$ cat upload_13.cif   # mmCIF, C-alpha atoms
data_query
#
loop_
_atom_site.group_PDB
_atom_site.id
_atom_site.type_symbol
_atom_site.label_atom_id
_atom_site.label_comp_id
_atom_site.auth_asym_id
_atom_site.auth_seq_id
_atom_site.Cartn_x
_atom_site.Cartn_y
_atom_site.Cartn_z
ATOM 1 C CA MET A 1 -155.292 -8.759 47.400
ATOM 2 C CA ASP A 2 -153.591 -5.467 46.508
ATOM 3 C CA LYS A 3 -153.674 -3.678 43.189
ATOM 4 C CA LYS A 4 -150.279 -5.029 42.128
ATOM 5 C CA ASN A 5 -151.444 -8.630 42.573
ATOM 6 C CA ASN A 6 -154.570 -7.945 40.513
ATOM 7 C CA TYR A 7 -152.747 -5.977 37.838
ATOM 8 C CA ARG A 8 -150.049 -8.589 37.251
ATOM 9 C CA TRP A 9 -152.663 -11.038 35.973
ATOM 10 C CA PHE A 10 -153.875 -8.361 33.579
ATOM 11 C CA VAL A 11 -150.276 -7.920 32.389
ATOM 12 C CA LEU A 12 -150.018 -11.674 31.914
ATOM 13 C CA ALA A 13 -153.221 -11.633 29.831
ATOM 14 C CA ILE A 14 -151.789 -8.897 27.583
ATOM 15 C CA GLY A 15 -148.544 -10.842 27.248
ATOM 16 C CA VAL A 16 -150.548 -13.891 26.194
ATOM 17 C CA LEU A 17 -152.499 -11.771 23.701
ATOM 18 C CA ALA A 18 -149.317 -10.343 22.162
ATOM 19 C CA GLN A 19 -147.692 -13.768 21.905
ATOM 20 C CA ALA A 20 -150.833 -15.254 20.370
ATOM 21 C CA THR A 21 -150.931 -12.458 17.780
ATOM 22 C CA PHE A 22 -147.387 -13.309 16.734
ATOM 23 C CA ALA A 23 -148.138 -17.045 16.612
ATOM 24 C CA MET A 24 -151.282 -16.483 14.551
ATOM 25 C CA GLY A 25 -149.204 -15.249 11.615
ATOM 26 C CA PHE A 26 -146.108 -17.342 12.256
ATOM 27 C CA ALA A 27 -148.015 -20.644 12.383
ATOM 28 C CA GLY A 28 -150.996 -19.722 10.226
ATOM 29 C CA ILE A 29 -149.288 -18.467 7.076
ATOM 30 C CA PRO A 30 -147.533 -21.803 6.303
ATOM 31 C CA ILE A 31 -150.913 -23.589 6.371
ATOM 32 C CA THR A 32 -151.993 -21.388 3.466
ATOM 33 C CA GLY A 33 -149.080 -22.767 1.422
ATOM 34 C CA ILE A 34 -151.416 -25.018 -0.568
ATOM 35 C CA LEU A 35 -153.489 -22.030 -1.668
ATOM 36 C CA MET A 36 -150.421 -19.817 -2.037
ATOM 37 C CA ARG A 37 -148.808 -22.185 -4.525
ATOM 38 C CA ASP A 38 -151.806 -21.997 -6.847
ATOM 39 C CA ALA A 39 -152.593 -18.315 -6.359
ATOM 40 C CA TYR A 40 -148.997 -17.113 -6.759
ATOM 41 C CA HIS A 41 -148.016 -19.844 -9.267
ATOM 42 C CA PHE A 42 -144.984 -20.875 -7.213
ATOM 43 C CA SER A 43 -143.008 -24.048 -7.743
ATOM 44 C CA LEU A 44 -142.421 -26.322 -4.756
ATOM 45 C CA TYR A 45 -138.914 -24.901 -4.314
ATOM 46 C CA GLU A 46 -140.159 -21.318 -4.471
ATOM 47 C CA LEU A 47 -142.984 -22.062 -2.045
ATOM 48 C CA SER A 48 -140.584 -23.714 0.414
ATOM 49 C CA PHE A 49 -138.354 -20.647 0.304
ATOM 50 C CA VAL A 50 -141.310 -18.343 1.031
ATOM 51 C CA LEU A 51 -142.709 -20.464 3.862
ATOM 52 C CA GLY A 52 -139.314 -20.799 5.552
ATOM 53 C CA SER A 53 -138.445 -17.122 5.294
ATOM 54 C CA MET A 54 -140.501 -15.919 8.255
ATOM 55 C CA GLY A 55 -138.961 -18.464 10.608
ATOM 56 C CA LEU A 56 -135.510 -17.486 9.367
ATOM 57 C CA GLY A 57 -136.243 -13.853 10.138
ATOM 58 C CA VAL A 58 -137.370 -14.707 13.672
ATOM 59 C CA ALA A 59 -134.298 -16.833 14.356
ATOM 60 C CA ALA A 60 -131.906 -14.196 13.036
ATOM 61 C CA SER A 61 -133.322 -11.377 15.152
ATOM 62 C CA GLU A 62 -134.039 -12.926 18.558
ATOM 63 C CA ILE A 63 -130.700 -12.111 20.193
ATOM 64 C CA ILE A 64 -130.714 -8.564 18.845
ATOM 65 C CA TRP A 65 -134.213 -7.936 20.176
ATOM 66 C CA GLY A 66 -133.261 -9.376 23.545
ATOM 67 C CA ILE A 67 -130.372 -6.918 23.831
ATOM 68 C CA LEU A 68 -132.596 -4.022 22.730
ATOM 69 C CA THR A 69 -135.227 -5.039 25.266
ATOM 70 C CA ASP A 70 -132.639 -4.758 28.034
ATOM 71 C CA LYS A 71 -131.554 -1.353 26.719
ATOM 72 C CA LEU A 72 -134.869 0.265 25.763
ATOM 73 C CA GLY A 73 -137.364 -1.513 27.996
ATOM 74 C CA ASP A 74 -139.947 -4.175 27.265
ATOM 75 C CA LYS A 75 -142.922 -1.888 26.535
ATOM 76 C CA LYS A 76 -141.150 0.129 23.828
ATOM 77 C CA VAL A 77 -139.807 -2.979 22.097
ATOM 78 C CA LEU A 78 -143.147 -4.771 22.323
ATOM 79 C CA ILE A 79 -144.973 -1.841 20.721
ATOM 80 C CA LEU A 80 -142.256 -1.474 18.086
ATOM 81 C CA GLY A 81 -142.485 -5.154 17.171
ATOM 82 C CA LEU A 82 -146.282 -5.268 16.988
ATOM 83 C CA TRP A 83 -146.695 -2.083 14.969
ATOM 84 C CA SER A 84 -143.726 -2.520 12.632
ATOM 85 C CA SER A 85 -144.735 -6.086 11.739
ATOM 86 C CA ALA A 86 -148.311 -4.860 11.215
ATOM 87 C CA ILE A 87 -147.015 -2.220 8.798
ATOM 88 C CA VAL A 88 -145.168 -4.868 6.786
ATOM 89 C CA TYR A 89 -148.284 -7.067 6.720
ATOM 90 C CA ALA A 90 -150.226 -4.082 5.363
ATOM 91 C CA LEU A 91 -147.567 -3.424 2.719
ATOM 92 C CA ILE A 92 -147.687 -7.073 1.667
ATOM 93 C CA ALA A 93 -151.478 -6.825 1.369
ATOM 94 C CA ILE A 94 -151.369 -3.810 -0.956
ATOM 95 C CA SER A 95 -148.385 -4.800 -3.095
ATOM 96 C CA LEU A 96 -147.443 -8.486 -2.826
ATOM 97 C CA THR A 97 -150.714 -10.368 -3.249
ATOM 98 C CA PRO A 98 -152.284 -11.785 -6.420
ATOM 99 C CA GLU A 99 -155.233 -9.414 -5.992
ATOM 100 C CA ALA A 100 -153.024 -6.315 -5.759
ATOM 101 C CA SER A 101 -150.254 -7.157 -8.230
ATOM 102 C CA LEU A 102 -151.359 -7.504 -11.831
ATOM 103 C CA GLY A 103 -147.895 -8.466 -13.077
ATOM 104 C CA GLY A 104 -147.441 -11.314 -10.626
ATOM 105 C CA VAL A 105 -145.400 -11.564 -7.435
ATOM 106 C CA LYS A 106 -141.839 -12.859 -7.405
ATOM 107 C CA TYR A 107 -141.111 -15.400 -4.706
ATOM 108 C CA LEU A 108 -137.929 -13.566 -3.685
ATOM 109 C CA HIS A 109 -139.896 -10.403 -2.994
ATOM 110 C CA LEU A 110 -142.571 -12.159 -0.917
ATOM 111 C CA GLY A 111 -139.938 -14.233 0.887
ATOM 112 C CA ALA A 112 -137.938 -11.109 1.745
ATOM 113 C CA ALA A 113 -141.070 -9.354 3.022
ATOM 114 C CA LEU A 114 -141.990 -12.305 5.246
ATOM 115 C CA ALA A 115 -138.403 -12.534 6.508
ATOM 116 C CA ILE A 116 -138.587 -8.860 7.504
ATOM 117 C CA THR A 117 -141.927 -9.517 9.181
ATOM 118 C CA GLY A 118 -140.420 -12.406 11.116
ATOM 119 C CA ALA A 119 -137.412 -10.327 12.141
ATOM 120 C CA LEU A 120 -139.681 -7.559 13.445
ATOM 121 C CA SER A 121 -142.079 -10.006 15.119
ATOM 122 C CA GLY A 122 -139.194 -11.641 16.949
ATOM 123 C CA SER A 123 -139.195 -8.714 19.370
ATOM 124 C CA ILE A 124 -142.539 -9.898 20.750
ATOM 125 C CA ASN A 125 -140.952 -13.050 22.177
ATOM 126 C CA SER A 126 -138.313 -11.310 24.281
ATOM 127 C CA SER A 127 -140.256 -8.206 25.268
ATOM 128 C CA SER A 128 -143.504 -9.924 26.264
ATOM 129 C CA GLY A 129 -141.536 -12.450 28.308
ATOM 130 C CA ARG A 130 -139.650 -9.732 30.160
ATOM 131 C CA THR A 131 -142.891 -7.835 30.771
ATOM 132 C CA VAL A 132 -144.484 -10.870 32.391
ATOM 133 C CA MET A 133 -141.393 -11.798 34.424
ATOM 134 C CA SER A 134 -141.083 -8.296 35.873
ATOM 135 C CA TRP A 135 -144.477 -8.582 37.565
ATOM 136 C CA PHE A 136 -144.072 -12.036 39.116
ATOM 137 C CA ASP A 137 -141.861 -13.172 41.971
ATOM 138 C CA ASP A 138 -139.249 -15.906 41.596
ATOM 139 C CA ASN A 139 -141.538 -18.634 42.943
ATOM 140 C CA GLU A 140 -144.256 -17.824 40.372
ATOM 141 C CA ARG A 141 -142.313 -16.918 37.243
ATOM 142 C CA GLY A 142 -142.217 -20.476 35.961
ATOM 143 C CA PHE A 143 -146.002 -20.676 36.168
ATOM 144 C CA ALA A 144 -146.489 -17.247 34.564
ATOM 145 C CA MET A 145 -144.077 -17.965 31.713
ATOM 146 C CA SER A 146 -145.747 -21.312 31.043
ATOM 147 C CA VAL A 147 -149.111 -19.586 30.726
ATOM 148 C CA ARG A 148 -147.539 -17.086 28.341
ATOM 149 C CA GLN A 149 -145.914 -19.859 26.305
ATOM 150 C CA THR A 150 -149.287 -21.572 26.005
ATOM 151 C CA ALA A 151 -150.296 -18.593 23.856
ATOM 152 C CA ILE A 152 -148.051 -19.904 21.062
ATOM 153 C CA PRO A 153 -150.120 -23.041 20.298
ATOM 154 C CA VAL A 154 -153.365 -21.181 21.056
ATOM 155 C CA GLY A 155 -152.494 -18.389 18.613
ATOM 156 C CA GLY A 156 -151.197 -20.976 16.168
ATOM 157 C CA ALA A 157 -154.496 -22.868 16.350
ATOM 158 C CA ILE A 158 -156.422 -19.658 15.651
ATOM 159 C CA GLY A 159 -154.175 -18.825 12.702
ATOM 160 C CA THR A 160 -154.336 -22.400 11.394
ATOM 161 C CA GLY A 161 -158.120 -22.270 11.277
ATOM 162 C CA LEU A 162 -158.660 -18.614 10.356
ATOM 163 C CA LEU A 163 -156.014 -17.757 7.758
ATOM 164 C CA PRO A 164 -156.675 -20.591 5.261
ATOM 165 C CA TRP A 165 -160.380 -19.792 5.425
ATOM 166 C CA LEU A 166 -159.740 -16.089 4.782
ATOM 167 C CA ALA A 167 -157.328 -16.816 1.928
ATOM 168 C CA TYR A 168 -159.716 -19.323 0.319
ATOM 169 C CA SER A 169 -162.888 -17.258 0.756
ATOM 170 C CA TYR A 170 -161.676 -13.681 0.358
ATOM 171 C CA GLY A 171 -158.099 -13.809 -0.952
ATOM 172 C CA PHE A 172 -154.638 -13.189 0.445
ATOM 173 C CA GLU A 173 -155.102 -9.426 0.469
ATOM 174 C CA LEU A 174 -157.747 -9.586 3.198
ATOM 175 C CA MET A 175 -155.788 -12.256 5.065
ATOM 176 C CA PHE A 176 -152.741 -9.995 5.427
ATOM 177 C CA ILE A 177 -154.968 -7.025 6.287
ATOM 178 C CA VAL A 178 -156.481 -9.009 9.172
ATOM 179 C CA LEU A 179 -152.987 -9.798 10.471
ATOM 180 C CA ALA A 180 -152.081 -6.102 10.230
ATOM 181 C CA ILE A 181 -155.224 -5.052 12.124
ATOM 182 C CA ALA A 182 -154.510 -7.606 14.835
ATOM 183 C CA GLY A 183 -150.970 -6.272 15.307
ATOM 184 C CA PHE A 184 -152.074 -2.634 15.439
ATOM 185 C CA SER A 185 -154.902 -3.433 17.869
ATOM 186 C CA VAL A 186 -152.765 -5.381 20.336
ATOM 187 C CA GLY A 187 -150.069 -2.708 20.115
ATOM 188 C CA LEU A 188 -152.673 -0.100 21.070
ATOM 189 C CA VAL A 189 -153.705 -2.228 24.064
ATOM 190 C CA VAL A 190 -150.060 -2.331 25.182
ATOM 191 C CA VAL A 191 -149.754 1.458 24.830
ATOM 192 C CA LEU A 192 -152.865 2.123 26.892
ATOM 193 C CA PHE A 193 -152.702 -0.499 29.606
ATOM 194 C CA ILE A 194 -149.107 -1.650 30.264
ATOM 195 C CA ASN A 195 -147.415 0.224 33.103
ATOM 196 C CA THR A 196 -143.625 -0.170 33.205
ATOM 197 C CA LYS A 197 -142.894 1.898 36.332
ATOM 198 C CA HIS A 198 -142.867 -1.178 38.557
ATOM 199 C CA ALA A 199 -140.552 -3.047 36.181
ATOM 200 C CA GLU A 200 -138.224 -0.070 35.782
ATOM 201 C CA SER A 201 -137.810 0.348 39.547
ATOM 202 C CA GLU A 202 -137.171 -3.360 39.983
ATOM 203 C CA TYR A 203 -134.569 -3.588 37.257
ATOM 204 C CA THR A 204 -132.963 -0.325 38.350
ATOM 205 C CA SER A 205 -132.328 -1.780 41.798
ATOM 206 C CA LYS A 206 -130.802 -4.869 40.244
ATOM 207 C CA SER A 207 -128.721 -3.000 37.676
ATOM 208 C CA MET A 208 -126.105 -2.176 40.315
ATOM 209 C CA LEU A 209 -125.047 -5.828 40.277
ATOM 210 C CA THR A 210 -122.259 -6.770 37.882
ATOM 211 C CA ILE A 211 -123.533 -9.713 35.872
ATOM 212 C CA PRO A 212 -121.440 -11.192 33.040
ATOM 213 C CA SER A 213 -123.065 -11.270 29.627
ATOM 214 C CA PRO A 214 -124.779 -14.606 28.884
ATOM 215 C CA LEU A 215 -123.500 -14.269 25.297
ATOM 216 C CA LYS A 216 -120.022 -15.029 26.646
ATOM 217 C CA SER A 217 -121.106 -18.203 28.434
ATOM 218 C CA VAL A 218 -120.387 -21.499 26.698
ATOM 219 C CA GLU A 219 -123.013 -23.241 28.834
ATOM 220 C CA VAL A 220 -125.692 -20.800 27.710
ATOM 221 C CA TRP A 221 -124.820 -21.413 24.061
ATOM 222 C CA LYS A 222 -124.999 -25.182 24.621
ATOM 223 C CA ILE A 223 -128.514 -24.813 26.012
ATOM 224 C CA VAL A 224 -129.548 -22.510 23.165
ATOM 225 C CA ILE A 225 -128.207 -24.855 20.483
ATOM 226 C CA ALA A 226 -129.828 -27.887 22.112
ATOM 227 C CA ALA A 227 -133.156 -26.054 22.395
ATOM 228 C CA GLY A 228 -132.852 -25.029 18.751
ATOM 229 C CA PHE A 229 -132.441 -28.628 17.623
ATOM 230 C CA LEU A 230 -135.419 -29.664 19.750
ATOM 231 C CA THR A 231 -137.658 -27.202 17.894
ATOM 232 C CA VAL A 232 -136.617 -28.420 14.419
ATOM 233 C CA PRO A 233 -139.242 -31.239 14.229
ATOM 234 C CA GLN A 234 -141.975 -28.916 15.478
ATOM 235 C CA MET A 235 -141.141 -26.149 13.003
ATOM 236 C CA ALA A 236 -140.756 -28.622 10.134
ATOM 237 C CA ILE A 237 -144.201 -30.099 10.753
ATOM 238 C CA LEU A 238 -145.925 -26.758 11.205
ATOM 239 C CA THR A 239 -144.199 -25.148 8.204
ATOM 240 C CA PHE A 240 -144.234 -27.934 5.626
ATOM 241 C CA GLY A 241 -146.756 -30.408 7.048
ATOM 242 C CA SER A 242 -149.650 -29.001 5.049
ATOM 243 C CA ILE A 243 -147.799 -29.381 1.746
ATOM 244 C CA TYR A 244 -146.749 -32.942 2.617
ATOM 245 C CA MET A 245 -150.270 -33.980 3.599
ATOM 246 C CA ARG A 246 -151.689 -32.447 0.447
ATOM 247 C CA ASP A 247 -149.173 -33.763 -2.100
ATOM 248 C CA ILE A 248 -148.256 -37.127 -0.585
ATOM 249 C CA LEU A 249 -151.279 -38.119 1.494
ATOM 250 C CA HIS A 250 -153.847 -36.298 -0.703
ATOM 251 C CA ILE A 251 -155.719 -34.813 2.265
ATOM 252 C CA GLY A 252 -158.089 -31.904 1.738
ATOM 253 C CA LEU A 253 -157.415 -28.405 3.056
ATOM 254 C CA ALA A 254 -160.210 -28.526 5.640
ATOM 255 C CA SER A 255 -158.942 -31.819 7.051
ATOM 256 C CA ILE A 256 -155.358 -30.522 7.098
ATOM 257 C CA SER A 257 -156.464 -27.478 9.079
ATOM 258 C CA ILE A 258 -158.328 -29.659 11.582
ATOM 259 C CA ILE A 259 -155.323 -31.961 12.011
ATOM 260 C CA LEU A 260 -152.895 -29.111 12.603
ATOM 261 C CA ILE A 261 -155.343 -27.328 14.902
ATOM 262 C CA GLY A 262 -155.384 -30.551 16.906
ATOM 263 C CA VAL A 263 -151.588 -30.517 17.001
ATOM 264 C CA GLN A 264 -151.612 -26.943 18.307
ATOM 265 C CA ILE A 265 -154.323 -27.587 20.891
ATOM 266 C CA GLY A 266 -152.521 -30.726 22.021
ATOM 267 C CA GLY A 267 -149.347 -28.708 22.483
ATOM 268 C CA GLY A 268 -151.239 -26.146 24.535
ATOM 269 C CA MET A 269 -152.819 -28.823 26.736
ATOM 270 C CA LEU A 270 -149.455 -30.438 27.397
ATOM 271 C CA ARG A 271 -148.023 -27.070 28.411
ATOM 272 C CA ILE A 272 -150.888 -26.552 30.832
ATOM 273 C CA TRP A 273 -150.395 -30.075 32.187
ATOM 274 C CA ALA A 274 -146.736 -29.249 32.770
ATOM 275 C CA LEU A 275 -147.561 -26.168 34.865
ATOM 276 C CA SER A 276 -147.374 -28.125 38.101
ATOM 277 C CA SER A 277 -143.863 -29.280 37.235
ATOM 278 C CA ILE A 278 -142.857 -25.748 36.292
ATOM 279 C CA LYS A 279 -144.126 -24.423 39.630
ATOM 280 C CA ILE A 280 -141.973 -27.002 41.420
ATOM 281 C CA CYS A 281 -138.987 -25.895 39.334
ATOM 282 C CA SER A 282 -139.741 -22.277 40.213
ATOM 283 C CA PHE A 283 -139.687 -23.161 43.907
ATOM 284 C CA PHE A 284 -136.346 -24.918 43.686
ATOM 285 C CA TYR A 285 -134.794 -22.190 41.540
ATOM 286 C CA SER A 286 -135.826 -19.563 44.051
ATOM 287 C CA ASN A 287 -133.652 -21.288 46.667
ATOM 288 C CA VAL A 288 -129.950 -21.042 45.804
ATOM 289 C CA LEU A 289 -128.861 -23.719 48.268
ATOM 290 C CA LEU A 290 -131.311 -26.269 46.918
ATOM 291 C CA LYS A 291 -130.323 -25.383 43.359
ATOM 292 C CA ASP A 292 -126.642 -25.965 44.109
ATOM 293 C CA TYR A 293 -127.420 -29.162 45.976
ATOM 294 C CA TYR A 294 -129.440 -30.725 43.169
ATOM 295 C CA ALA A 295 -127.011 -29.554 40.493
ATOM 296 C CA GLN A 296 -124.106 -31.254 42.273
ATOM 297 C CA LEU A 297 -126.224 -34.309 43.041
ATOM 298 C CA CYS A 298 -127.053 -34.691 39.351
ATOM 299 C CA GLY A 299 -123.401 -34.194 38.443
ATOM 300 C CA TYR A 300 -122.285 -36.892 40.855
ATOM 301 C CA SER A 301 -124.994 -39.230 39.569
ATOM 302 C CA VAL A 302 -123.766 -38.907 35.988
ATOM 303 C CA THR A 303 -120.069 -39.315 36.745
ATOM 304 C CA ASN A 304 -120.484 -42.134 39.245
ATOM 305 C CA GLN A 305 -123.171 -44.342 37.746
ATOM 306 C CA SER A 306 -121.272 -47.476 38.710
ATOM 307 C CA ASP A 307 -121.176 -46.633 42.403
ATOM 308 C CA ASN A 308 -124.310 -45.030 43.808
ATOM 309 C CA ASN A 309 -122.804 -44.940 47.277
ATOM 310 C CA SER A 310 -120.295 -42.322 46.143
ATOM 311 C CA VAL A 311 -123.035 -39.686 45.851
ATOM 312 C CA LYS A 312 -122.843 -37.591 48.993
ATOM 313 C CA PRO A 313 -124.630 -34.267 49.441
ATOM 314 C CA TYR A 314 -122.478 -31.531 50.857
#

$ encode --input "upload_13.cif" --output "structure tokens"
Amino acid sequence: MDKKNNYRWFVLAIGVLAQATFAMGFAGIPITGILMRDAYHFSLYELSFVLGSMGLGVAASEIIWGILTDKLGDKKVLILGLWSSAIVYALIAISLTPEASLGGVKYLHLGAALAITGALSGSINSSSGRTVMSWFDDNERGFAMSVRQTAIPVGGAIGTGLLPWLAYSYGFELMFIVLAIAGFSVGLVVVLFINTKHAESEYTSKSMLTIPSPLKSVEVWKIVIAAGFLTVPQMAILTFGSIYMRDILHIGLASISIILIGVQIGGGMLRIWALSSIKICSFFYSNVLLKDYYAQLCGYSVTNQSDNNSVKPY
């Protein structure tokens, strides 16, 4: 096996690490909502605003970061996202925590800071995905991206278990400092070990092709909107589930963390289980003729449900 084949798995591991670092804060901070309400003296409305702010920042910035990734390159954007979000975490630790602010913290200020963190962290999704895809061929990209996506529940499980413990035992100041250190550390790993020369040569050769912008495609927007609605239940449970279980079901913090860790691990296991299906999809998508055939076959099946004999492959 040549050096490229060995190195691509190393790149995949770094992509997983970066994605897990993002998920650790994104999924872990909402679990601390029970402690945050008491420590910051927030009402339920104020707490809901704060917990939802980071997700809002991520959603608002994804498209922008995707465009910047295409323009600037995945390594630069990945480093920018990791280090800038780490800086904001550090600023929150020294100015927007009960330990650091004697006069109290306003929920609008903390919510705005977390929204900025989410907006900056959103770059990790697009840039780490592009980094991984550039090192894998068409028939393996589905598998590689599934492994990378598994980092989201894995990182979320780590954050769900670690952050509430840190906040309860040592305070929110240390919790945000740990998130900042994690972001700086992974960013340094990207600086030292990610090589973009292979990706740049590959995308340079493909840049001669004239490809219409996906932002102008109605079909792309339909898929994006549908995918967005599919993530609503997941985000609602992960963001507000801890508050619901505490206030309505009267479950303790330790039990809540265990339950939501189980949810995250279960999500990761299901993604791994789906890898075989993704590899099959990668194979079919690498063959244009088969892709066209199955697309038309599905279209005929939907429009001619009453007469199966009318489905004829071309």

$ resolve_selection --input "upload_13.cif" --expression "the PyMOL selection byres ((chain A and resi 244) around 12)" --output "PyMOL selection string"
chain A and resi 30-31+33-34+44+48+236-243+245-253+256

$ resolve_selection --input "upload_13.cif" --expression "the PyMOL selection byres ((chain A and resi 91-105) around 6)" --output "PyMOL selection string"
chain A and resi 88-90+106+173+176

$ atom_distance --input "upload_13.cif" --atom1 "atom CA of A:Ala157" --atom2 "atom CA of A:Val190"
22.8 Å

$ closest_residue --input "upload_13.cif" --among "A:Val77, A:Ala115, A:Val11, A:Ile29" --to "A:Ser257" --atoms "all atoms listed in the file"
A:Ile29

$ resolve_selection --input "upload_13.cif" --expression "the PyMOL selection byres ((chain A and resi 59) around 10)" --output "list in words"
Ser53, Met54, Gly55, Leu56, Gly57, Val58, Ala60, Ser61, Glu62, Ile63, Ala115, Gly118, Ala119, Gly122 and Gly228 of chain A

$ axis_aligned_box --input "upload_13.cif" --around "stretch 22-31 of chain A" --padding-each-side "4 Å" --output "JSON"
{"center_x": -148.7, "center_y": -18.4, "center_z": 11.5, "size_x": 13.2, "size_y": 18.3, "size_z": 18.4}

$ atom_distance --input "upload_13.cif" --atom1 "atom CA of A:Glu140" --atom2 "atom CA of A:Leu78"
22.3 Å

$ atom_distance --input "upload_13.cif" --atom1 "atom CA of A:Ala39" --atom2 "atom CA of A:Ser121"
25.3 Å

$ closest_residue --input "upload_13.cif" --among "A:Ala27, A:Ala13, A:Leu80, A:Leu47" --to "A:Val263" --atoms "all atoms listed in the file"
A:Ala27

$ build_atoms --input "upload_13.cif" --residues "stretch 127-133 of chain A" --atoms "all heavy atoms" --output "PDB file, in the coordinates of the input"
ATOM      1  N   SER A 127    -139.670  -9.311  24.505  1.00  0.00           N
ATOM      2  CA  SER A 127    -140.256  -8.206  25.268  1.00  0.00           C
ATOM      3  C   SER A 127    -141.474  -8.639  26.072  1.00  0.00           C
ATOM      4  O   SER A 127    -141.642  -8.222  27.224  1.00  0.00           O
ATOM      5  CB  SER A 127    -140.632  -7.057  24.325  1.00  0.00           C
ATOM      6  OG  SER A 127    -141.486  -7.502  23.294  1.00  0.00           O
ATOM      7  N   SER A 128    -142.332  -9.482  25.505  1.00  0.00           N
ATOM      8  CA  SER A 128    -143.504  -9.924  26.264  1.00  0.00           C
ATOM      9  C   SER A 128    -143.079 -10.817  27.416  1.00  0.00           C
ATOM     10  O   SER A 128    -143.682 -10.775  28.501  1.00  0.00           O
ATOM     11  CB  SER A 128    -144.488 -10.664  25.344  1.00  0.00           C
ATOM     12  OG  SER A 128    -143.907 -11.848  24.828  1.00  0.00           O
ATOM     13  N   GLY A 129    -142.035 -11.615  27.215  1.00  0.00           N
ATOM     14  CA  GLY A 129    -141.536 -12.450  28.308  1.00  0.00           C
ATOM     15  C   GLY A 129    -140.980 -11.623  29.448  1.00  0.00           C
ATOM     16  O   GLY A 129    -141.235 -11.901  30.630  1.00  0.00           O
ATOM     17  N   ARG A 130    -140.230 -10.593  29.122  1.00  0.00           N
ATOM     18  CA  ARG A 130    -139.650  -9.732  30.160  1.00  0.00           C
ATOM     19  C   ARG A 130    -140.741  -8.954  30.886  1.00  0.00           C
ATOM     20  O   ARG A 130    -140.661  -8.731  32.101  1.00  0.00           O
ATOM     21  CB  ARG A 130    -138.652  -8.765  29.524  1.00  0.00           C
ATOM     22  CG  ARG A 130    -137.784  -7.993  30.522  1.00  0.00           C
ATOM     23  CD  ARG A 130    -136.766  -7.171  29.745  1.00  0.00           C
ATOM     24  NE  ARG A 130    -135.778  -6.547  30.609  1.00  0.00           N
ATOM     25  CZ  ARG A 130    -135.885  -5.303  31.080  1.00  0.00           C
ATOM     26  NH1 ARG A 130    -136.959  -4.594  30.808  1.00  0.00           N
ATOM     27  NH2 ARG A 130    -134.930  -4.790  31.841  1.00  0.00           N
ATOM     28  N   THR A 131    -141.777  -8.539  30.149  1.00  0.00           N
ATOM     29  CA  THR A 131    -142.891  -7.835  30.771  1.00  0.00           C
ATOM     30  C   THR A 131    -143.568  -8.707  31.824  1.00  0.00           C
ATOM     31  O   THR A 131    -143.842  -8.266  32.941  1.00  0.00           O
ATOM     32  CB  THR A 131    -143.928  -7.420  29.700  1.00  0.00           C
ATOM     33  OG1 THR A 131    -143.303  -6.566  28.747  1.00  0.00           O
ATOM     34  CG2 THR A 131    -145.099  -6.701  30.327  1.00  0.00           C
ATOM     35  N   VAL A 132    -143.832  -9.956  31.459  1.00  0.00           N
ATOM     36  CA  VAL A 132    -144.484 -10.870  32.391  1.00  0.00           C
ATOM     37  C   VAL A 132    -143.584 -11.160  33.587  1.00  0.00           C
ATOM     38  O   VAL A 132    -144.020 -11.123  34.748  1.00  0.00           O
ATOM     39  CB  VAL A 132    -144.868 -12.174  31.664  1.00  0.00           C
ATOM     40  CG1 VAL A 132    -145.344 -13.224  32.661  1.00  0.00           C
ATOM     41  CG2 VAL A 132    -145.945 -11.904  30.623  1.00  0.00           C
ATOM     42  N   MET A 133    -142.310 -11.439  33.343  1.00  0.00           N
ATOM     43  CA  MET A 133    -141.393 -11.798  34.424  1.00  0.00           C
ATOM     44  C   MET A 133    -141.222 -10.665  35.436  1.00  0.00           C
ATOM     45  O   MET A 133    -141.025 -10.908  36.631  1.00  0.00           O
ATOM     46  CB  MET A 133    -140.038 -12.186  33.843  1.00  0.00           C
ATOM     47  CG  MET A 133    -140.034 -13.523  33.113  1.00  0.00           C
ATOM     48  SD  MET A 133    -138.402 -13.938  32.473  1.00  0.00           S
ATOM     49  CE  MET A 133    -137.481 -14.155  33.995  1.00  0.00           C
TER      50      MET A 133
END
